[in-house]
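Take a look at the structure below.
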Amino acid sequence: MNYKRANRSFLYMILATLAFTLLMSYWIILTGSSLSIFTNNALSELVVLIPAIAAILYSGEKITEVIPFKKIKISTLFMIAIYVITLFPLVSFVNSVSMLFVENMVSSISDEVLAMPMWSMLLSIGIVGPFVEEFVFRGYILQSYQRTGRIIGSIVLSSILFGMMHLNFNQFAYGTVMGIMFCLLVEATGSIWSSFFAHALFNSIEVIYMYAVPDVVSEADEVLADYGIGNESTYLMIGIYFVLAVIFTAIALCVVYKIADMENRKDFVDSIHMYPRQGYRLITVPLIIAMVIAVAWMIFVAAFL
């Protein structure tokens, strides 16, 4: 696989996702009914997965040659669980900052989520979604980019695209941050099983928490809405989140470095900044078009929806 094909695939993903969104909106207007959130999530993941699989098959390479499905140690899974726990303060900080400007998208669909059986949401949000997204972004796209030798650029750009794929500023903000942290896991283990496990665990904890204390997310939104920009209490709360994020992110980086050592990848991680580049630039015209479309849609969502 190559980065140019990956960029074209991302454009197809954006176009397919927007087409699906508009089609569902038309369906709701026409019939007055909507798909269940379980079905909607499944179809949304499918329109992202199909372009990636089609590109791999078209290239003539085997999926296992493109996607690093390397086995990881059982002990590594325990370390990944610790890693996931350390990520929550960072995500909470980024989410709280974004909520000063845009709506919390998870909160906006919480009623739909809670109307479904918890097992179905754990399957959809906790298993299917993470697997597809790791396959596409930490698998297909990240690995295609890394063939240029631009490891750090690959991590950053694939994570930005992961955030953009959510097509709203709230999830873009913390999705990009999570994407970077999941990329670090892939680099530390050489396998997307590590990022899938982390992603699945993170999402599952959030789903269980949503069902266990359904009013917490909405109450947090109300607090930020009441305080707003310019209120000292808002800045104090975000400041506390920031301090916790700095502390726990430092711990997370230590954990991921230990994971690299356990998986015999420490030398690779240490040499990432010196990895030989092939001179290619990751940005291409189809990618720019995709990013412009995505940002335009996010602005539309923030302004009118």
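Ordered as shown in the structure tokens, chains take letters A, B, and onward, while each chain numbers its residues from 1 and ligands are numbered from 1 in the order shown.
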### Non-local contacts of range 272-279 of chain A (6 Å; only C-alpha atoms; under 3 positions in same chain excluded) as a list of chain:residue names
A:Thr148, A:Gly149, A:Arg150, A:Val269
### Query
Can you list, as a VMD selection string, every protein, DNA or RNA residue that comes within 12 Å of Thr21 in chain A when you count only C-alpha atoms, leaving out same-chain residues fewer than 2 positions away?
chain A and resid 14 to 19 23 to 28 34 to 35 40 to 41 43 to 44 47 166 to 167 297 301
Just to be explicit: take each residue in the selection above, keep N, CA, C and O atoms, and write the result as an mmCIF file, in the first residue's frame.
data_model
loop_
_atom_site.group_PDB
_atom_site.id
_atom_site.type_symbol
_atom_site.label_atom_id
_atom_site.label_comp_id
_atom_site.auth_asym_id
_atom_site.auth_seq_id
_atom_site.Cartn_x
_atom_site.Cartn_y
_atom_site.Cartn_z
ATOM 1 N N ILE A 14 -14.981 9.926 3.523
ATOM 2 C CA ILE A 14 -15.693 11.158 3.868
ATOM 3 C C ILE A 14 -16.937 11.310 2.999
ATOM 4 O O ILE A 14 -18.042 11.602 3.502
ATOM 5 N N LEU A 15 -16.778 11.126 1.691
ATOM 6 C CA LEU A 15 -17.906 11.273 0.777
ATOM 7 C C LEU A 15 -18.995 10.239 1.072
ATOM 8 O O LEU A 15 -20.193 10.562 1.065
ATOM 9 N N ALA A 16 -18.577 9.001 1.340
ATOM 10 C CA ALA A 16 -19.542 7.948 1.631
ATOM 11 C C ALA A 16 -20.282 8.218 2.939
ATOM 12 O O ALA A 16 -21.496 8.002 3.046
ATOM 13 N N THR A 17 -19.553 8.710 3.939
ATOM 14 C CA THR A 17 -20.170 9.014 5.231
ATOM 15 C C THR A 17 -21.180 10.148 5.108
ATOM 16 O O THR A 17 -22.283 10.088 5.665
ATOM 17 N N LEU A 18 -20.813 11.190 4.381
ATOM 18 C CA LEU A 18 -21.738 12.312 4.188
ATOM 19 C C LEU A 18 -22.951 11.887 3.363
ATOM 20 O O LEU A 18 -24.080 12.300 3.649
ATOM 21 N N ALA A 19 -22.723 11.055 2.346
ATOM 22 C CA ALA A 19 -23.844 10.560 1.541
ATOM 23 C C ALA A 19 -24.801 9.742 2.404
ATOM 24 O O ALA A 19 -26.030 9.888 2.301
ATOM 25 N N LEU A 23 -28.602 10.732 3.250
ATOM 26 C CA LEU A 23 -29.628 9.743 2.903
ATOM 27 C C LEU A 23 -30.501 9.418 4.103
ATOM 28 O O LEU A 23 -31.736 9.331 3.987
ATOM 29 N N MET A 24 -29.890 9.270 5.270
ATOM 30 C CA MET A 24 -30.652 8.979 6.480
ATOM 31 C C MET A 24 -31.537 10.163 6.873
ATOM 32 O O MET A 24 -32.663 9.985 7.338
ATOM 33 N N SER A 25 -31.030 11.378 6.654
ATOM 34 C CA SER A 25 -31.828 12.569 6.946
ATOM 35 C C SER A 25 -33.054 12.618 6.029
ATOM 36 O O SER A 25 -34.166 12.944 6.469
ATOM 37 N N TYR A 26 -32.836 12.309 4.759
ATOM 38 C CA TYR A 26 -33.946 12.282 3.804
ATOM 39 C C TYR A 26 -34.952 11.199 4.188
ATOM 40 O O TYR A 26 -36.171 11.409 4.099
ATOM 41 N N TRP A 27 -34.443 10.058 4.630
ATOM 42 C CA TRP A 27 -35.319 8.956 5.041
ATOM 43 C C TRP A 27 -36.194 9.363 6.227
ATOM 44 O O TRP A 27 -37.392 9.064 6.261
ATOM 45 N N ILE A 28 -35.601 10.067 7.175
ATOM 46 C CA ILE A 28 -36.353 10.515 8.344
ATOM 47 C C ILE A 28 -37.441 11.509 7.936
ATOM 48 O O ILE A 28 -38.586 11.430 8.397
ATOM 49 N N SER A 34 -36.677 6.703 12.096
ATOM 50 C CA SER A 34 -35.224 6.633 11.935
ATOM 51 C C SER A 34 -34.713 5.249 12.308
ATOM 52 O O SER A 34 -35.414 4.469 12.975
ATOM 53 N N LEU A 35 -33.495 4.958 11.880
ATOM 54 C CA LEU A 35 -32.868 3.691 12.237
ATOM 55 C C LEU A 35 -32.486 3.708 13.707
ATOM 56 O O LEU A 35 -32.234 4.767 14.285
ATOM 57 N N ASN A 40 -27.611 2.235 12.845
ATOM 58 C CA ASN A 40 -26.951 3.407 12.295
ATOM 59 C C ASN A 40 -25.432 3.332 12.492
ATOM 60 O O ASN A 40 -24.662 3.624 11.573
ATOM 61 N N ASN A 41 -25.013 2.909 13.694
ATOM 62 C CA ASN A 41 -23.576 2.767 13.964
ATOM 63 C C ASN A 41 -22.941 1.721 13.065
ATOM 64 O O ASN A 41 -21.837 1.920 12.536
ATOM 65 N N LEU A 43 -23.906 0.652 10.079
ATOM 66 C CA LEU A 43 -23.820 1.118 8.698
ATOM 67 C C LEU A 43 -22.753 2.211 8.556
ATOM 68 O O LEU A 43 -22.041 2.272 7.547
ATOM 69 N N SER A 44 -22.640 3.065 9.570
ATOM 70 C CA SER A 44 -21.622 4.123 9.543
ATOM 71 C C SER A 44 -20.220 3.531 9.516
ATOM 72 O O SER A 44 -19.330 4.036 8.805
ATOM 73 N N VAL A 47 -19.441 1.996 5.928
ATOM 74 C CA VAL A 47 -19.057 2.900 4.843
ATOM 75 C C VAL A 47 -17.621 3.401 5.004
ATOM 76 O O VAL A 47 -17.032 3.912 4.049
ATOM 77 N N HIS A 166 -15.050 11.750 12.478
ATOM 78 C CA HIS A 166 -16.242 11.876 13.319
ATOM 79 C C HIS A 166 -17.135 13.026 12.873
ATOM 80 O O HIS A 166 -18.297 13.116 13.285
ATOM 81 N N LEU A 167 -16.576 13.944 12.075
ATOM 82 C CA LEU A 167 -17.331 15.015 11.430
ATOM 83 C C LEU A 167 -18.053 15.961 12.395
ATOM 84 O O LEU A 167 -19.129 16.477 12.099
ATOM 85 N N TRP A 297 -18.173 20.598 6.740
ATOM 86 C CA TRP A 297 -19.320 19.920 7.354
ATOM 87 C C TRP A 297 -19.329 20.144 8.867
ATOM 88 O O TRP A 297 -20.401 20.364 9.460
ATOM 89 N N VAL A 301 -22.322 21.718 11.066
ATOM 90 C CA VAL A 301 -22.908 21.040 12.215
ATOM 91 C C VAL A 301 -22.881 21.956 13.448
ATOM 92 O O VAL A 301 -23.865 22.064 14.172
#
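Minimum atom-to-atom distances from A:Ile56, A:Leu11, A:Val91, A:Leu114 to Val292 in chain A were compared using only C-alpha atoms, and the lowest value belongs to A:Leu11.
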### Message
as a ChimeraX atom specification, please: every residue in range 8-168 of chain A that a backbone DSSP assignment puts in helix (DSSP H, G or I).
### Response
/A:8-31,37-59,63-66,74-98,105-108,110-114,118-146,151-164
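Shortest separation to Asn168 in chain A among A:Phe304, A:Phe197, A:Phe78, A:Tyr145 occurs at residue A:Phe304, atoms counted being only C-alpha atoms.
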### Nearest to Val246 in chain A, chosen from A:Ala260, A:Ala200, A:Ala115, A:Val94, with only C-alpha atoms counted in the distances
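Among the listed residues, the smallest separation from Val246 in chain A belongs to A:Val94.
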### Message
Need to verify the contact set: Phe248 in chain A, 8 Å, only C-alpha atoms, exclusion of same-chain residues closer than 2 positions in sequence. Can you return it as a list of chain:residue names?
### Response
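Listing them by chain and then by number gives A:Thr86, A:Leu87, A:Pro89, A:Leu90, A:Leu244, A:Ala245, A:Val246, A:Ala250, A:Ile251, A:Ala252.
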### Task
Find the residues around Asn7 in chain A up to 9 Å (only C-alpha atoms counted), leave out those fewer than 3 positions away in its own chain, and share them as a list in words.
Asn2, Tyr3, Lys4, Phe10, Leu11, Tyr12, Ile141, Leu282, Ile283, Thr284, Val285, Pro286, Leu287, Ile288 and Ala290 of chain A
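For the pair CA of Phe131 in chain A and CA of Met178 in chain A, the interatomic distance is 14.7 Å.
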### Residue nearest Ser120 in chain A among A:Ile82, A:Phe38, A:Ser154, A:Glu45 (counting only C-alpha atoms)
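Residue with the minimum atom-to-atom distance to Ser120 in chain A: A:Phe38.
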### Query
For Glu206 in chain A, which residue among A:Ile74, A:Ile125, A:Ser191, A:Val136 is the nearest when counting only C-alpha atoms?
A:Ile125
### Message
Under the rule that only C-alpha atoms are counted, which of A:Tyr83, A:Phe93, A:Phe101, A:Tyr58 is the nearest residue to Ile238 in chain A?
### Response
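Closest candidate: A:Phe93.
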